[in-house]
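Enquirer: Pasting in a structure now, in structure tokens, and then I'll have a few things to ask.
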Amino acid sequence: MPRKRDELEAVWKALASPVRRAILDDLRVGPRTTGAIAERFPKLTRFAVMQHLRVLEGAELVIPRREGRERYNYLNPVPIQRIYDRWVSRYMKPWTEALVSLQDELETRSREEHA
């Protein structure tokens with residue numbers, strides 16, 4: 001029986017690259033042209049930056065929009081929110097509760113030792 005493809009697989013793969021994460025961080029400030037993004041990565045060719053943008057676009061993390069000859073790239077945070085909802089939030093609450101309980105226990109012991 002073939003395994004159902006994870007709908008977030010493309011997002012995970014896109015986020016696996018430090019260059020693509022840096023591009024997303026840059027786009028948090030606002031949309032950038034492909035040329036402006038390429039300038040921020042002088043060690044990469046423009047073609048390499050365009051390949052990274054294609055991966056981000058395929059994962060729906062970047063939405064391109066053409067204005068004349070310029071291509072503006074916009075951050076789409078929805079796939080990252082889906083990862084948060086599906087993975088992070090599930091595990092965050094039990095860990096947070098455990099850490100709060102540990103803090104309470106340590107503070108109680110400290111108060112008892114000093115009393």
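Chain labels run A, B, ... following the order of the structure tokens; each chain numbers its residues from 1, and ligands are numbered from 1 in the order shown.
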Produce a table with one row for each residue of range 44-98 of chain A that has an atom at most 9 Å from any atom of range 23-40 of chain A, each row naming the nearest atom pair and its distance in Å at one decimal; use only C-alpha atoms; arrange rows by chain and rising residue number; format as CSV.

Expert:
```
residue,atom,partner,partner_atom,distance
A:Leu44,CA,A:Ala38,CA,7.4
A:Thr45,CA,A:Ala38,CA,7.3
A:Arg46,CA,A:Ala38,CA,5.5
A:Phe47,CA,A:Ala38,CA,8.8
A:Ala48,CA,A:Ala38,CA,8.7
A:Val49,CA,A:Ala38,CA,5.9
A:Met50,CA,A:Thr34,CA,7.2
A:His52,CA,A:Ile23,CA,8.6
A:Leu53,CA,A:Ile23,CA,8.3
A:Leu56,CA,A:Leu24,CA,8.6
A:Leu61,CA,A:Leu24,CA,8.0
A:Val62,CA,A:Leu24,CA,8.0
A:Glu70,CA,A:Thr33,CA,6.4
A:Arg71,CA,A:Thr33,CA,5.4
A:Tyr72,CA,A:Thr33,CA,4.3
A:Asn73,CA,A:Pro31,CA,5.3
A:Tyr74,CA,A:Pro31,CA,4.6
A:Leu75,CA,A:Leu27,CA,5.6
A:Pro77,CA,A:Arg28,CA,9.0
```

Enquirer: For each of A:Asn76, A:Arg111, A:Val100, A:Arg90, take the minimum atom-to-atom distance to Pro64 in chain A, counting only C-alpha atoms, then give the residue where this is smallest.

Expert: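 Of all the options, A:Asn76 lies closest to Pro64 in chain A.
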
Enquirer: Can you list, as a list in words, every residue of range 15-56 of chain A that DSSP puts in alpha helix (DSSP H)?

Expert: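 Answer for range 15-56 of chain A, restricted to alpha helix (DSSP H): Leu15, Pro18, Val19, Arg20, Arg21, Ala22, Ile23, Leu24, Asp25, Asp26, Leu27, Thr34, Gly35, Ala36, Ile37, Ala38, Glu39, Arg46, Phe47, Ala48, Val49, Met50, Gln51, His52, Leu53, Arg54, Val55 and Leu56 of chain A.
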
Enquirer: To one decimal place, how far is CA of Ala10 in chain A from CA of Tyr91 in chain A in Å?

Expert: 21.6 Å
